[in-house]
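J.: Compact mmCIF, C-alpha atoms and all ligand atoms, saved as start04.txt, coming up:
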# COMPACT_ATOMS: atom_id res chain seq x y z
CA SER A 1 42.42 8.89 -46.72
CA ASP A 2 44.24 5.58 -47.09
CA ARG A 3 43.42 2.75 -44.71
CA TYR A 4 45.91 0.61 -42.82
CA ALA A 5 45.49 -1.77 -39.90
CA VAL A 6 47.27 -4.16 -37.58
CA PHE A 7 45.95 -7.71 -37.33
CA GLY A 8 46.57 -9.73 -34.20
CA ASN A 9 44.92 -11.70 -31.43
CA PRO A 10 44.79 -10.22 -28.92
CA VAL A 11 45.34 -6.77 -30.41
CA ARG A 12 43.54 -4.44 -27.98
CA HIS A 13 46.75 -3.31 -26.34
CA SER A 14 48.68 -2.82 -29.58
CA LEU A 15 50.56 0.47 -29.69
CA SER A 16 50.74 0.38 -33.49
CA PRO A 17 47.66 2.56 -34.15
CA ARG A 18 49.11 5.28 -31.95
CA ILE A 19 52.58 4.99 -33.44
CA HIS A 20 51.29 5.25 -37.01
CA ALA A 21 48.94 8.11 -36.13
CA LEU A 22 51.93 10.02 -34.72
CA PHE A 23 54.00 9.22 -37.84
CA ALA A 24 51.16 10.36 -40.10
CA ALA A 25 50.74 13.62 -38.21
CA ALA A 26 54.47 14.33 -38.25
CA THR A 27 54.87 13.63 -41.97
CA GLY A 28 51.56 15.10 -43.12
CA GLN A 29 50.34 11.80 -44.55
CA ASP A 30 46.59 11.33 -44.90
CA LEU A 31 45.87 7.87 -43.54
CA THR A 32 43.94 5.94 -40.93
CA TYR A 33 45.28 2.99 -38.97
CA GLU A 34 43.06 0.66 -36.97
CA ALA A 35 43.49 -2.48 -34.87
CA VAL A 36 41.66 -5.60 -36.04
CA GLU A 37 41.32 -8.64 -33.83
CA ALA A 38 41.08 -11.57 -36.25
CA PRO A 39 39.76 -14.80 -34.83
CA VAL A 40 42.30 -17.62 -34.65
CA GLY A 41 41.62 -19.56 -37.84
CA GLY A 42 40.10 -16.49 -39.47
CA PHE A 43 43.18 -14.44 -40.29
CA ARG A 44 43.18 -14.92 -44.05
CA GLU A 45 39.52 -14.04 -44.39
CA ALA A 46 39.90 -10.94 -42.22
CA VAL A 47 42.92 -9.64 -44.17
CA LEU A 48 41.34 -10.23 -47.56
CA ALA A 49 38.12 -8.55 -46.42
CA PHE A 50 40.15 -5.53 -45.34
CA ARG A 51 41.94 -5.43 -48.69
CA ASP A 52 38.64 -5.74 -50.57
CA ALA A 53 37.20 -2.88 -48.51
CA GLY A 54 40.01 -0.63 -49.79
CA GLY A 55 42.81 -1.27 -47.30
CA ARG A 56 46.26 -0.35 -48.62
CA GLY A 57 48.42 -2.32 -46.24
CA ALA A 58 48.60 -3.96 -42.85
CA ASN A 59 50.87 -4.98 -40.06
CA VAL A 60 50.63 -8.44 -38.61
CA THR A 61 51.42 -9.43 -35.07
CA VAL A 62 51.14 -12.46 -32.80
CA PRO A 63 50.01 -15.10 -33.64
CA PHE A 64 49.60 -14.51 -37.37
CA LYS A 65 53.06 -13.73 -38.81
CA GLU A 66 53.61 -17.22 -40.24
CA GLU A 67 50.10 -17.31 -41.70
CA ALA A 68 50.73 -13.92 -43.26
CA TYR A 69 53.86 -15.29 -44.87
CA ALA A 70 51.88 -18.18 -46.35
CA LEU A 71 49.22 -15.81 -47.68
CA CYS A 72 51.56 -13.64 -49.76
CA ALA A 73 51.97 -13.86 -53.52
CA ARG A 74 55.51 -12.47 -53.11
CA VAL A 75 57.74 -11.72 -50.15
CA SER A 76 61.01 -9.85 -49.63
CA GLU A 77 64.23 -11.75 -49.12
CA ARG A 78 64.31 -10.87 -45.43
CA ALA A 79 60.74 -12.10 -44.95
CA GLN A 80 61.66 -15.28 -46.78
CA ARG A 81 64.55 -15.84 -44.38
CA ALA A 82 62.38 -15.11 -41.36
CA ALA A 83 59.60 -17.32 -42.78
CA ALA A 84 57.31 -14.70 -41.28
CA VAL A 85 55.70 -11.46 -42.44
CA ASN A 86 54.83 -8.44 -40.30
CA THR A 87 54.07 -5.98 -43.10
CA LEU A 88 51.60 -6.51 -45.94
CA SER A 89 51.03 -4.29 -48.94
CA PHE A 90 48.04 -4.65 -51.23
CA GLU A 91 48.94 -3.88 -54.82
CA ALA A 92 46.57 -2.12 -57.21
CA GLY A 93 45.66 -5.46 -58.83
CA GLY A 94 44.98 -6.98 -55.42
CA ALA A 95 48.19 -9.00 -55.03
CA VAL A 96 49.32 -9.33 -51.41
CA VAL A 97 53.05 -8.78 -50.94
CA GLY A 98 54.90 -9.30 -47.69
CA ASP A 99 57.93 -7.98 -45.89
CA ASN A 100 59.39 -8.36 -42.43
CA THR A 101 60.68 -5.19 -40.77
CA ASP A 102 61.26 -6.65 -37.28
CA GLY A 103 64.95 -7.44 -37.71
CA ALA A 104 65.70 -4.13 -39.39
CA GLY A 105 63.85 -2.40 -36.54
CA LEU A 106 66.00 -4.15 -33.96
CA VAL A 107 69.23 -3.39 -35.82
CA ARG A 108 68.28 0.25 -36.16
CA ASP A 109 67.37 0.63 -32.49
CA LEU A 110 70.63 -1.03 -31.42
CA THR A 111 72.90 0.88 -33.76
CA GLN A 112 71.22 4.31 -34.09
CA ARG A 113 69.66 4.89 -30.68
CA LEU A 114 71.80 2.74 -28.41
CA GLY A 115 75.08 3.28 -30.23
CA LEU A 116 76.06 -0.37 -30.55
CA ASP A 117 78.48 -1.46 -33.26
CA LEU A 118 77.32 -4.83 -34.53
CA GLY A 119 80.33 -5.29 -36.81
CA GLY A 120 82.36 -8.15 -35.33
CA ALA A 121 79.98 -8.48 -32.38
CA ARG A 122 79.59 -11.71 -30.43
CA ILE A 123 75.90 -12.04 -29.60
CA LEU A 124 74.02 -14.33 -27.23
CA LEU A 125 70.46 -14.85 -28.50
CA LEU A 126 68.10 -16.45 -25.99
CA GLY A 127 65.16 -18.26 -27.60
CA ALA A 128 64.64 -20.01 -30.92
CA GLY A 129 61.01 -19.27 -31.80
CA GLY A 130 59.55 -16.88 -34.34
CA ALA A 131 61.00 -13.77 -32.71
CA ALA A 132 64.54 -15.20 -32.75
CA ARG A 133 64.17 -16.37 -36.32
CA GLY A 134 63.09 -12.92 -37.43
CA VAL A 135 66.22 -11.17 -36.19
CA LEU A 136 68.99 -13.68 -36.96
CA GLY A 137 69.42 -12.79 -40.63
CA PRO A 138 69.54 -9.00 -40.17
CA LEU A 139 72.04 -9.33 -37.27
CA LEU A 140 74.34 -11.57 -39.29
CA LEU A 141 74.10 -9.33 -42.35
CA GLU A 142 74.99 -6.35 -40.14
CA GLY A 143 78.33 -8.05 -39.52
CA ALA A 144 77.89 -9.96 -36.26
CA ALA A 145 80.91 -12.26 -35.91
CA GLU A 146 79.09 -14.97 -33.99
CA ILE A 147 75.60 -15.59 -32.69
CA VAL A 148 75.12 -18.21 -29.98
CA VAL A 149 71.48 -19.33 -30.04
CA ALA A 150 70.55 -20.75 -26.64
CA ASN A 151 67.13 -22.29 -26.20
CA ARG A 152 65.24 -24.30 -23.59
CA THR A 153 64.55 -26.86 -26.31
CA GLU A 154 67.97 -27.33 -27.87
CA ALA A 155 66.64 -28.95 -31.05
CA ARG A 156 64.92 -25.69 -32.06
CA ALA A 157 68.20 -23.81 -31.67
CA ARG A 158 69.89 -26.45 -33.85
CA ALA A 159 67.27 -25.90 -36.54
CA LEU A 160 68.12 -22.18 -36.60
CA GLU A 161 71.83 -23.00 -36.72
CA ARG A 162 71.18 -25.06 -39.84
CA ALA A 163 68.89 -22.47 -41.42
CA PHE A 164 71.18 -19.47 -40.84
CA GLY A 165 74.65 -21.03 -40.79
CA GLY A 166 75.13 -20.03 -44.42
CA LEU A 167 74.90 -16.33 -43.51
CA GLY A 168 77.51 -16.38 -40.75
CA ARG A 169 78.70 -18.17 -37.67
CA VAL A 170 75.77 -19.53 -35.65
CA ARG A 171 76.16 -21.90 -32.70
CA ALA A 172 73.28 -23.68 -30.97
CA CYS A 173 73.08 -24.83 -27.37
CA GLY A 174 70.70 -25.47 -24.49
CA LEU A 175 70.21 -22.85 -21.76
CA ALA A 176 72.35 -24.86 -19.37
CA ALA A 177 75.30 -25.17 -21.77
CA ILE A 178 75.91 -21.60 -22.94
CA PRO A 179 79.55 -21.03 -23.90
CA PRO A 180 81.33 -18.53 -21.64
CA GLY A 181 81.18 -14.79 -22.36
CA PRO A 182 81.89 -12.05 -22.60
CA TYR A 183 79.21 -11.25 -25.15
CA ASP A 184 78.89 -7.82 -26.76
CA LEU A 185 75.12 -8.14 -26.65
CA VAL A 186 72.60 -10.44 -24.96
CA LEU A 187 69.19 -10.57 -26.62
CA ASN A 188 66.13 -12.06 -24.96
CA ALA A 189 63.84 -13.43 -27.67
CA THR A 190 62.06 -15.95 -25.45
CA ALA A 191 58.41 -15.67 -24.58
CA ALA A 192 59.28 -16.13 -20.90
CA SER A 193 58.30 -12.50 -20.16
CA LEU A 194 54.72 -13.26 -21.08
CA ALA A 195 54.59 -15.58 -18.07
CA GLY A 196 56.39 -12.98 -15.96
CA GLU A 197 59.49 -15.16 -16.04
CA VAL A 198 63.13 -14.90 -16.96
CA PRO A 199 64.80 -17.77 -18.82
CA PRO A 200 66.77 -19.86 -16.33
CA LEU A 201 70.35 -18.71 -16.86
CA ASP A 202 73.68 -18.98 -15.16
CA GLU A 203 74.20 -15.24 -14.81
CA VAL A 204 77.95 -15.71 -15.14
CA VAL A 205 77.51 -15.90 -18.93
CA LEU A 206 76.15 -12.33 -18.92
CA ALA A 207 79.09 -10.87 -17.01
CA GLY A 208 80.87 -8.16 -18.95
CA ALA A 209 78.08 -7.76 -21.52
CA PRO A 210 77.78 -4.03 -22.29
CA LEU A 211 74.12 -4.37 -23.24
CA CYS A 212 71.21 -6.72 -22.55
CA TYR A 213 68.13 -6.16 -24.70
CA ASP A 214 64.65 -7.65 -24.44
CA LEU A 215 62.64 -7.98 -27.66
CA ALA A 216 59.57 -7.71 -25.45
CA TYR A 217 58.59 -4.33 -24.07
CA ALA A 218 56.75 -2.76 -21.18
CA ARG A 219 55.38 0.77 -20.96
CA ASP A 220 57.76 1.57 -18.11
CA GLY A 221 60.58 -0.34 -19.80
CA LEU A 222 60.79 -2.84 -16.96
CA THR A 223 60.11 -6.25 -18.46
CA PRO A 224 61.03 -9.15 -16.15
CA PHE A 225 64.27 -9.65 -18.13
CA VAL A 226 65.23 -5.97 -17.99
CA ALA A 227 64.51 -5.81 -14.26
CA TRP A 228 66.46 -9.01 -13.70
CA ALA A 229 69.49 -7.83 -15.67
CA ARG A 230 69.53 -4.37 -14.09
CA GLY A 231 69.28 -6.03 -10.70
CA ARG A 232 72.61 -7.64 -11.54
CA GLY A 233 74.22 -4.34 -12.44
CA LEU A 234 73.90 -4.76 -16.21
CA ARG A 235 72.74 -2.17 -18.72
CA ALA A 236 69.42 -3.40 -20.06
CA GLU A 237 66.78 -2.03 -22.43
CA ASP A 238 63.35 -3.26 -23.46
CA GLY A 239 62.09 -3.59 -27.03
CA LEU A 240 59.85 -0.52 -27.29
CA GLY A 241 62.48 1.15 -29.47
CA MET A 242 62.46 -1.86 -31.78
CA LEU A 243 58.65 -1.68 -31.98
CA VAL A 244 58.78 1.96 -33.07
CA GLU A 245 61.58 1.27 -35.57
CA GLN A 246 59.83 -1.69 -37.21
CA ALA A 247 56.78 0.54 -37.54
CA ALA A 248 58.86 3.32 -39.13
CA GLU A 249 60.27 0.85 -41.60
CA ALA A 250 56.76 -0.32 -42.53
CA PHE A 251 55.54 3.29 -42.80
CA ALA A 252 58.45 4.11 -45.12
CA LEU A 253 57.62 1.12 -47.32
CA TRP A 254 53.99 2.14 -47.62
CA ARG A 255 54.35 5.90 -47.86
CA GLY A 256 57.82 6.50 -49.26
CA VAL A 257 58.72 8.79 -46.37
CA ARG A 258 60.63 7.81 -43.24
CA PRO A 259 59.26 9.32 -40.03
CA GLU A 260 61.44 10.38 -37.11
CA THR A 261 61.27 7.83 -34.34
CA ALA A 262 62.78 9.54 -31.28
CA PRO A 263 59.79 11.83 -30.59
CA VAL A 264 57.38 8.92 -30.95
CA LEU A 265 59.35 6.74 -28.56
CA ALA A 266 59.44 9.63 -26.08
CA ALA A 267 55.68 10.12 -26.41
CA LEU A 268 55.01 6.42 -25.76
CA ARG A 269 57.26 6.42 -22.73
CA GLY A 270 55.78 9.60 -21.42
CA GLY A 271 52.26 8.30 -21.78
CA ALA A 272 51.35 11.52 -23.58
CA ALA A 273 50.02 11.98 -27.13
P1 LIG B 301 57.81 -16.16 -30.44
O1 LIG B 301 57.09 -15.92 -31.74
O2 LIG B 301 57.52 -15.15 -29.38
O3 LIG B 301 59.27 -16.39 -30.62
P2 LIG B 301 57.46 -18.98 -30.08
O4 LIG B 301 57.78 -19.25 -31.49
O5 LIG B 301 56.37 -19.73 -29.39
O6 LIG B 301 57.11 -17.46 -29.84
O7 LIG B 301 58.82 -19.16 -29.23
C1 LIG B 301 58.86 -18.92 -27.86
C2 LIG B 301 60.31 -18.99 -27.40
O8 LIG B 301 60.37 -18.68 -26.01
C3 LIG B 301 60.93 -20.36 -27.54
O9 LIG B 301 62.31 -20.21 -27.74
C4 LIG B 301 60.62 -20.97 -26.16
O10 LIG B 301 61.46 -22.03 -25.81
P3 LIG B 301 61.09 -23.54 -26.32
O11 LIG B 301 61.48 -23.58 -27.76
O12 LIG B 301 61.91 -24.41 -25.47
O13 LIG B 301 59.61 -23.69 -26.10
C5 LIG B 301 60.90 -19.78 -25.30
N1 LIG B 301 60.27 -19.82 -23.96
C6 LIG B 301 58.96 -19.67 -23.68
N2 LIG B 301 58.76 -19.68 -22.35
C7 LIG B 301 59.98 -19.85 -21.78
C8 LIG B 301 60.45 -19.92 -20.43
N3 LIG B 301 59.60 -19.84 -19.39
N4 LIG B 301 61.78 -20.09 -20.21
C9 LIG B 301 62.63 -20.18 -21.28
N5 LIG B 301 62.26 -20.10 -22.56
C10 LIG B 301 60.95 -19.93 -22.81
Could you quickly redo this structure as structure tokens?
T.:
Amino acid sequence: SDRYAVFGNPVRHSLSPRIHALFAAATGQDLTYEAVEAPVGGFREAVLAFRDAGGRGANVTVPFKEEAYALCARVSERAQRAAAVNTLSFEAGGAVVGDNTDGAGLVRDLTQRLGLDLGGARILLLGAGGAARGVLGPLLLEGAAEIVVANRTEARARALERAFGGLGRVRACGLAAIPPGPYDLVLNATAASLAGEVPPLDEVVLAGAPLCYDLAYARDGLTPFVAWARGRGLRAEDGLGMLVEQAAEAFALWRGVRPETAPVLAALRGGAA
């Protein structure tokens, strides 16, 4: 059977092996998918060793997506824009090619599962790190009318405004100077959840937003941001759906068959399977 893996650090708690095992079972694909904890500073070596041992492809997660991008002989246009790679394929001759399915995964979860129409949408994007960068292009290409990028460090938001302004209307600001809503969608792409925190926000800017969405996820769906937003009467969802969709997109690239995602998301939520 064909070998795949996810590389990260830490990677113990990655749900990717389970997601891909469920996809493989559902589509009848003969493959294995393991989690590899590469040492910081040892990513390249670990990936190339996996390729040389017969690996066919890999996913890449925190903190190696930028290093993965640098390692590739070729990357897709969307990976180029994100300047990060989450999906590697090893060609027959050994060439490493990269793609980034994170943004497509988010767009698919928002539009297919949650029923959002991104055409003409006004979006508030909190955060300006790698996660924010990965989703800006796909959201703009899906027809978002305006994306306000609000970040604790305003200069990083400005850098994204410059990098993505050619694809659509992008406005940068600090967290304390967010232009008034209503927004059609509020996305949390900050790493604040990791510290159990919520970005400091004047909640007035969220008023009237039909959906708040956290790129981070929790097994029970209740990330700090989701809990905070729901506590204010807002509809809020975590990013587990995005995780499953980015995995499906990678699986389709590797195997040429697109797995169904709803049963896998249900299995992860239920704790079964
Ligand atoms: P990632 O790959 O997860 O995006 P990153 O590139 O380190 O990680 O970016 C982290 C993002 O979360 C940044 O936008 C960061 O804000 P700064 O650019 O000001 O550092 C944001 N962030 C992290 N902790 C935060 C907190 N407690 N409150 C608000 N923003 C936070």
J.: Could you build a table of the residues in chain A lying no more than 6 Å from ligand LIG 301 (chain B), giving for each the nearest pair of atoms and their separation in Å rounded to one decimal place, using all atoms listed in the file, ordered by chain and ascending residue number, as JSON lines?
T.:
{"residue": "A:Gly127", "atom": "CA", "partner": "B:LIG301", "partner_atom": "O9", "distance": 3.5}
{"residue": "A:Ala128", "atom": "CA", "partner": "B:LIG301", "partner_atom": "O9", "distance": 3.9}
{"residue": "A:Gly129", "atom": "CA", "partner": "B:LIG301", "partner_atom": "O4", "distance": 3.2}
{"residue": "A:Gly130", "atom": "CA", "partner": "B:LIG301", "partner_atom": "O1", "distance": 3.7}
{"residue": "A:Ala131", "atom": "CA", "partner": "B:LIG301", "partner_atom": "O3", "distance": 3.8}
{"residue": "A:Ala132", "atom": "CA", "partner": "B:LIG301", "partner_atom": "O3", "distance": 5.8}
{"residue": "A:Asn151", "atom": "CA", "partner": "B:LIG301", "partner_atom": "O9", "distance": 5.5}
{"residue": "A:Arg152", "atom": "CA", "partner": "B:LIG301", "partner_atom": "O12", "distance": 3.8}
{"residue": "A:Thr153", "atom": "CA", "partner": "B:LIG301", "partner_atom": "O12", "distance": 3.7}
{"residue": "A:Arg156", "atom": "CA", "partner": "B:LIG301", "partner_atom": "O11", "distance": 5.9}
{"residue": "A:Thr190", "atom": "CA", "partner": "B:LIG301", "partner_atom": "O8", "distance": 3.3}
{"residue": "A:Ala191", "atom": "CA", "partner": "B:LIG301", "partner_atom": "O8", "distance": 3.9}
{"residue": "A:Ala192", "atom": "CA", "partner": "B:LIG301", "partner_atom": "N2", "distance": 3.9}
{"residue": "A:Glu197", "atom": "CA", "partner": "B:LIG301", "partner_atom": "N3", "distance": 5.8}
{"residue": "A:Pro199", "atom": "CA", "partner": "B:LIG301", "partner_atom": "N4", "distance": 4.1}
J.: Could you pull the residues within 9 Å of Gln246 of chain A, counting all atoms listed in the file, minus those fewer than 4 positions along the same chain, as a PyMOL selection string?
T.: chain A and resi 86+100-106+108+241-242+250-251
J.: Could you take the residues named above and write them with C-alpha atoms, as an mmCIF file, in the frame of the given file?
T.:
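Saved as again-v8.cif:
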data_model
loop_
_atom_site.group_PDB
_atom_site.id
_atom_site.type_symbol
_atom_site.label_atom_id
_atom_site.label_comp_id
_atom_site.auth_asym_id
_atom_site.auth_seq_id
_atom_site.Cartn_x
_atom_site.Cartn_y
_atom_site.Cartn_z
ATOM 1 C CA ASN A 86 54.830 -8.440 -40.300
ATOM 2 C CA ASN A 100 59.390 -8.360 -42.430
ATOM 3 C CA THR A 101 60.680 -5.190 -40.770
ATOM 4 C CA ASP A 102 61.260 -6.650 -37.280
ATOM 5 C CA GLY A 103 64.950 -7.440 -37.710
ATOM 6 C CA ALA A 104 65.700 -4.130 -39.390
ATOM 7 C CA GLY A 105 63.850 -2.400 -36.540
ATOM 8 C CA LEU A 106 66.000 -4.150 -33.960
ATOM 9 C CA ARG A 108 68.280 0.250 -36.160
ATOM 10 C CA GLY A 241 62.480 1.150 -29.470
ATOM 11 C CA MET A 242 62.460 -1.860 -31.780
ATOM 12 C CA ALA A 250 56.760 -0.320 -42.530
ATOM 13 C CA PHE A 251 55.540 3.290 -42.800
#
J.: If you measure from atom CA of Leu211 of chain A to atom CA of Ala84 of chain A, what distance in Å do you get, rounded to one decimal?
T.: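 These two atoms are separated by 26.7 Å.
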J.: Name the residues in contact with segment 42-57 of chain A at a cut-off of 9 Å, using all atoms listed in the file, excluding same-chain residues fewer than 4 positions from it; report them as JSON, numbers by chain.
T.: {"A": [2, 3, 4, 5, 6, 7, 8, 36, 37, 38, 64, 67, 68, 71, 87, 88, 89, 90, 91, 92, 94, 96, 254]}
J.: Quick one: residues within 9 Å of Ser16 of chain A, all atoms listed in the file counted, chain neighbours fewer than 6 positions away excluded, as a CSV table (one decimal) with C-alpha atoms, in the frame of the given file?
T.:
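Result saved to out31.csv:
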chain,number,residue,atom,x,y,z
A,5,ALA,CA,45.5,-1.8,-39.9
A,6,VAL,CA,47.3,-4.2,-37.6
A,33,TYR,CA,45.3,3.0,-39.0
A,34,GLU,CA,43.1,0.7,-37.0
A,35,ALA,CA,43.5,-2.5,-34.9
A,59,ASN,CA,50.9,-5.0,-40.1
A,243,LEU,CA,58.6,-1.7,-32.0
A,244,VAL,CA,58.8,2.0,-33.1
A,247,ALA,CA,56.8,0.5,-37.5
J.: Counting all atoms listed in the file, find the residues whose atoms lie at most 6 Å from (52.1, -10.5, -54.8) (file coordinates) and write them out as a CSV table (one decimal) with C-alpha atoms, in the coordinates of the input.
T.:
chain,number,residue,atom,x,y,z
A,72,CYS,CA,51.6,-13.6,-49.8
A,73,ALA,CA,52.0,-13.9,-53.5
A,74,ARG,CA,55.5,-12.5,-53.1
A,95,ALA,CA,48.2,-9.0,-55.0
A,96,VAL,CA,49.3,-9.3,-51.4
A,97,VAL,CA,53.0,-8.8,-50.9
J.: Find the residue from A:Ala209, A:Leu194, A:Ile147, A:Ala155 that sits nearest to Leu116 of chain A; use all atoms listed in the file when measuring.
T.: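 Nearest to Leu116 of chain A: A:Ala209.
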J.: Residues near Pro263 of chain A, anyone? I mean within 10 Å using all atoms listed in the file, not counting same-chain ones fewer than 3 positions away, as a ChimeraX atom specification.
T.: /A:22-23,26,259-260,266-269
J.: Nearest to Gly239 of chain A among A:Val264, A:Leu110, A:Leu125, A:Val204, with distances taken over only C-alpha atoms: which residue is it?
T.: A:Leu110
J.: Kindly indicate which residue among A:Ser14, A:Asn9, A:Gln80, A:Ser1 lies nearest to Tyr217 of chain A, using all atoms listed in the file for the distances.
T.: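 Using all atoms listed in the file, Tyr217 of chain A sits closest to A:Ser14.
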J.: Kindly list the centre and edge lengths in Å, rounded to one decimal, for the axis-aligned box that covers all listed atoms of segment 83-101 of chain A plus 8 Å on each of its six sides, as JSON.
T.:
{"center_x": 52.8, "center_y": -9.7, "center_z": -49.6, "size_x": 31.7, "size_y": 31.2, "size_z": 34.5}
J.: Write out as JSON, numbers by chain each polymer residue whose atoms come within 12 Å of Glu203 of chain A, counting only C-alpha atoms; drop sequence neighbours fewer than 5 positions from it.
T.: {"A": [175, 176, 178, 180, 181, 182, 186, 198, 208, 209, 212, 225, 228, 229, 230, 231, 232, 233, 234]}
J.: For each of A:Ala216, A:Ala83, A:Val226, A:Leu141, take the minimum atom-to-atom distance to Ala163 of chain A, counting only C-alpha atoms, then give the residue where this is smallest.
T.: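 Residue with the minimum atom-to-atom distance to Ala163 of chain A: A:Ala83.
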J.: As an exercise, work out the distance from atom CA of Gly115 of chain A to atom CA of Asp202 of chain A in Å and give it to one decimal place.
T.: 26.9 Å
J.: Please measure the separation of atom CA of Ala195 of chain A and atom CA of Pro10 of chain A, giving the value in Å to one decimal.
T.: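 Pair atom CA of Ala195 of chain A / atom CA of Pro10 of chain A returns 15.6 Å.
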J.: Using only C-alpha atoms, which of the listed residues (A:Gly119, A:Pro210, A:Gly28, A:Pro17) sits closest to Leu185 of chain A?
T.: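 Residue with the minimum atom-to-atom distance to Leu185 of chain A: A:Pro210.
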J.: Restricting the calculation to all atoms listed in the file: of A:Pro224, A:Pro138, A:Pro200, A:Pro63, which residue gets closest to Leu167 of chain A?
T.: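 Ranking A:Pro224, A:Pro138, A:Pro200, A:Pro63 by distance to Leu167 of chain A, first place goes to A:Pro138.
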